[in-house]
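Q: Structure file final03.cif, mmCIF, C-alpha atoms, is pasted below:
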data_start
#
loop_
_atom_site.label_atom_id
_atom_site.label_comp_id
_atom_site.auth_asym_id
_atom_site.auth_seq_id
_atom_site.Cartn_x
_atom_site.Cartn_y
_atom_site.Cartn_z
CA MET A 1 0.00 0.00 0.00
CA LYS A 2 2.77 2.31 0.74
CA ARG A 3 3.98 1.95 -2.76
CA LEU A 4 0.68 3.07 -4.22
CA LEU A 5 0.75 6.32 -2.26
CA SER A 6 4.21 7.40 -3.29
CA VAL A 7 3.60 8.23 -6.91
CA LYS A 8 6.14 10.41 -8.69
CA VAL A 9 4.63 13.64 -10.00
CA PRO A 10 6.07 15.01 -13.21
CA TRP A 11 7.41 18.61 -13.25
CA THR A 12 4.56 19.89 -15.38
CA ALA A 13 2.06 18.87 -12.72
CA LYS A 14 4.06 20.78 -10.11
CA ALA A 15 4.20 23.80 -12.40
CA SER A 16 0.46 23.77 -12.84
CA ALA A 17 0.06 23.50 -9.07
CA LEU A 18 2.19 26.65 -8.72
CA GLY A 19 0.41 28.01 -11.78
CA HIS A 20 0.10 31.67 -11.11
CA ARG A 21 3.67 32.10 -9.81
CA LEU A 22 5.27 30.79 -12.97
CA SER A 23 3.00 32.42 -15.48
CA LEU A 24 4.03 35.39 -17.59
CA GLY A 25 1.16 37.48 -16.26
CA TYR A 26 2.36 37.03 -12.70
CA TRP A 27 5.84 38.35 -13.53
CA LEU A 28 4.53 41.15 -15.69
CA SER A 29 2.41 42.35 -12.80
CA PHE A 30 5.68 42.95 -10.93
CA LEU A 31 7.66 44.27 -13.87
CA LEU A 32 5.02 46.51 -15.42
CA PRO A 33 5.30 49.32 -12.83
CA PHE A 34 9.09 49.35 -13.21
CA LEU A 35 8.85 49.39 -16.98
CA LEU A 36 6.37 52.27 -16.84
CA LEU A 37 8.59 54.26 -14.50
CA ALA A 38 11.59 53.67 -16.74
CA GLY A 39 9.60 54.87 -19.75
CA LEU A 40 8.32 57.94 -17.95
CA SER A 41 11.73 58.84 -16.65
CA ALA A 42 12.99 58.81 -20.22
CA CYS A 43 10.27 61.34 -21.07
CA SER A 44 11.15 63.59 -18.16
CA PHE A 45 14.38 64.95 -19.59
CA ALA A 46 14.53 68.49 -20.76
CA PRO A 47 13.53 69.18 -24.34
CA SER A 48 16.20 68.92 -26.95
CA TRP A 49 18.62 71.79 -26.68
CA PRO A 50 19.76 72.98 -30.09
CA SER A 51 23.52 73.02 -30.10
CA TRP A 52 25.29 76.13 -31.23
CA SER A 53 28.88 76.84 -30.58
CA LEU A 54 30.21 80.17 -29.49
CA PRO A 55 32.77 81.86 -31.70
CA ASP A 56 36.34 82.07 -30.40
CA THR A 57 36.30 85.87 -30.31
CA MET A 58 33.14 87.76 -29.56
CA THR A 59 32.18 91.38 -29.20
CA ARG A 60 30.00 92.70 -26.42
CA GLN A 61 27.07 93.03 -28.82
CA GLN A 62 27.42 89.38 -29.80
CA ILE A 63 27.50 88.35 -26.15
CA GLU A 64 24.29 90.29 -25.49
CA HIS A 65 22.71 88.72 -28.58
CA PHE A 66 23.64 85.20 -27.40
CA ARG A 67 22.34 85.98 -23.91
CA ALA A 68 18.98 87.08 -25.30
CA ARG A 69 18.75 83.93 -27.44
CA GLU A 70 19.63 81.79 -24.43
CA GLU A 71 16.93 83.39 -22.28
CA GLU A 72 14.39 82.75 -25.04
CA ARG A 73 15.52 79.14 -25.30
CA LEU A 74 15.17 78.68 -21.55
CA GLN A 75 11.61 80.03 -21.57
CA ASN A 76 10.71 77.67 -24.44
CA ALA A 77 12.25 74.75 -22.56
CA PHE A 78 10.22 75.59 -19.45
CA ARG A 79 7.03 75.67 -21.52
CA GLU A 80 7.83 72.23 -22.90
CA CYS A 81 8.71 70.93 -19.42
CA TYR A 82 5.22 71.73 -18.16
CA GLN A 83 3.85 69.29 -20.75
CA ARG A 84 5.91 66.40 -19.36
CA PHE A 85 5.39 64.03 -16.47
CA ALA A 86 8.40 64.92 -14.30
CA VAL A 87 8.36 68.70 -14.51
CA ASN A 88 10.96 69.38 -11.83
CA ASP A 89 13.58 67.08 -13.35
CA CYS A 90 13.01 68.61 -16.75
CA ARG A 91 13.32 72.16 -15.38
CA ARG A 92 16.46 71.24 -13.43
CA GLU A 93 18.15 69.88 -16.53
CA ALA A 94 17.09 72.90 -18.61
CA MET A 95 18.51 75.24 -15.97
CA SER A 96 21.73 73.24 -15.86
CA ARG A 97 22.19 73.59 -19.61
CA HIS A 98 21.29 77.28 -19.42
CA ASN A 99 23.85 77.85 -16.66
CA GLU A 100 26.59 76.17 -18.70
CA VAL A 101 25.99 78.51 -21.62
CA GLN A 102 25.75 81.55 -19.34
CA HIS A 103 29.05 80.54 -17.73
CA ARG A 104 30.76 80.39 -21.12
CA LEU A 105 29.33 83.80 -22.06
CA ARG A 106 30.45 85.29 -18.73
CA THR A 107 33.95 83.88 -19.19
CA GLU A 108 34.14 85.51 -22.61
CA GLU A 109 32.89 88.79 -21.15
CA LEU A 110 35.54 88.68 -18.42
CA ARG A 111 38.19 88.11 -21.08
CA LEU A 112 36.97 91.19 -22.96
CA ASN A 113 37.01 93.22 -19.73
CA ALA A 114 40.62 92.20 -19.08
CA LEU A 115 41.62 93.20 -22.61
CA ASP A 116 39.92 96.59 -22.19
CA ARG A 117 41.73 97.17 -18.90
CA GLN A 118 45.09 96.29 -20.46
CA GLU A 119 44.42 98.65 -23.37
CA ARG A 120 43.49 101.53 -21.03
CA GLN A 121 46.58 100.87 -18.89
CA ARG A 122 48.82 100.82 -21.97
CA LYS A 123 47.35 104.15 -23.14
CA LEU A 124 47.90 105.72 -19.73
CA GLU A 125 51.50 104.56 -19.62
CA ALA A 126 52.20 105.64 -23.20
CA SER A 127 50.87 109.20 -22.91
CA PRO A 128 53.14 111.64 -21.04
CA PRO A 129 51.52 113.45 -18.14
CA ALA A 130 50.40 116.93 -19.11
CA GLU A 131 52.00 119.82 -17.20
CA GLY A 132 49.68 121.52 -14.80
CA SER A 133 47.44 118.48 -14.69
CA GLY A 134 46.91 119.06 -10.97
CA LEU A 135 44.05 121.12 -9.65
CA LYS A 136 44.59 124.87 -9.94
CA GLY A 137 44.39 126.77 -6.75
CA ALA A 138 44.50 123.70 -4.57
CA PRO A 139 46.53 124.10 -1.40
CA PRO A 140 49.61 121.91 -1.11
CA ALA A 141 49.14 118.75 0.88
CA THR A 142 50.76 119.21 4.29
CA GLY A 143 49.52 116.06 5.94
CA ALA A 144 48.21 118.02 8.94
CA PRO A 145 44.62 117.41 9.95
CA ARG A 146 42.21 120.30 9.73
#
For the structure just supplied, provide its representation as structure tokens.
A:
Amino acid sequence: MKRLLSVKVPWTAKASALGHRLSLGYWLSFLLPFLLLAGLSACSFAPSWPSWSLPDTMTRQQIEHFRAREEERLQNAFRECYQRFAVNDCRREAMSRHNEVQHRLRTEELRLNALDRQERQRKLEASPPAEGSGLKGAPPATGAPR
């Protein structure tokens, strides 16, 4: 009798007994939320940022022109971000890109400022001081307090 009770069960019978745990639907119910989040996170990035390179040498008018274009691009990116799922991530990335461009423009502006200072200093050193360049009628400096 003991032998009749110990019957070997094939693997397929065990699989059907576990049924729902081995089925594709069971695993998809776990994976589907992760797949959706991965898809939505891909949509949350900032809108495509058209790439334009800055010229090696720029004038102040060009810098102002690029700044105005960059501000317009940022506003357009913000408008597009509000249409997406993860607005804050999109805005953060748009601001990061905007700050990179502004940093490059500011660096170029600082370079122009340094060149202007050097030019003014060179002109001051090159021109001889004019006689009587002091104030007329000014009392000589004695160093005594009044």
Q: Using all atoms listed in the file, which residues sit within 12 Å of Phe66 in chain A once same-chain residues fewer than 2 positions away are excluded, as a list in words?
A: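 Once the adjacent positions are removed, what remains is Trp52, Ser53, Leu54, Pro55, Met58, Thr59, Arg60, Gln61, Gln62, Ile63, Glu64, Ala68, Arg69, Glu70, Glu71, Glu72, Arg73, His98, Val101, Gln102, Arg104, Leu105, Arg106, Glu108 and Glu109 of chain A.
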Q: Could you please determine the separation between CA of Thr107 in chain A and CA of Glu93 in chain A in Å, to one decimal place?
A: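 Pair CA of Thr107 in chain A / CA of Glu93 in chain A returns 21.3 Å.
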Q: Would you work out the distance separating CA of Val87 in chain A from CA of Leu74 in chain A, expressed in Å to one decimal?
A: 14.0 Å
Q: One decimal, Å: what's the distance from CA of Asp116 in chain A over to CA of Arg97 in chain A, could you say?
A: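 Interatomic distance here is 29.2 Å.
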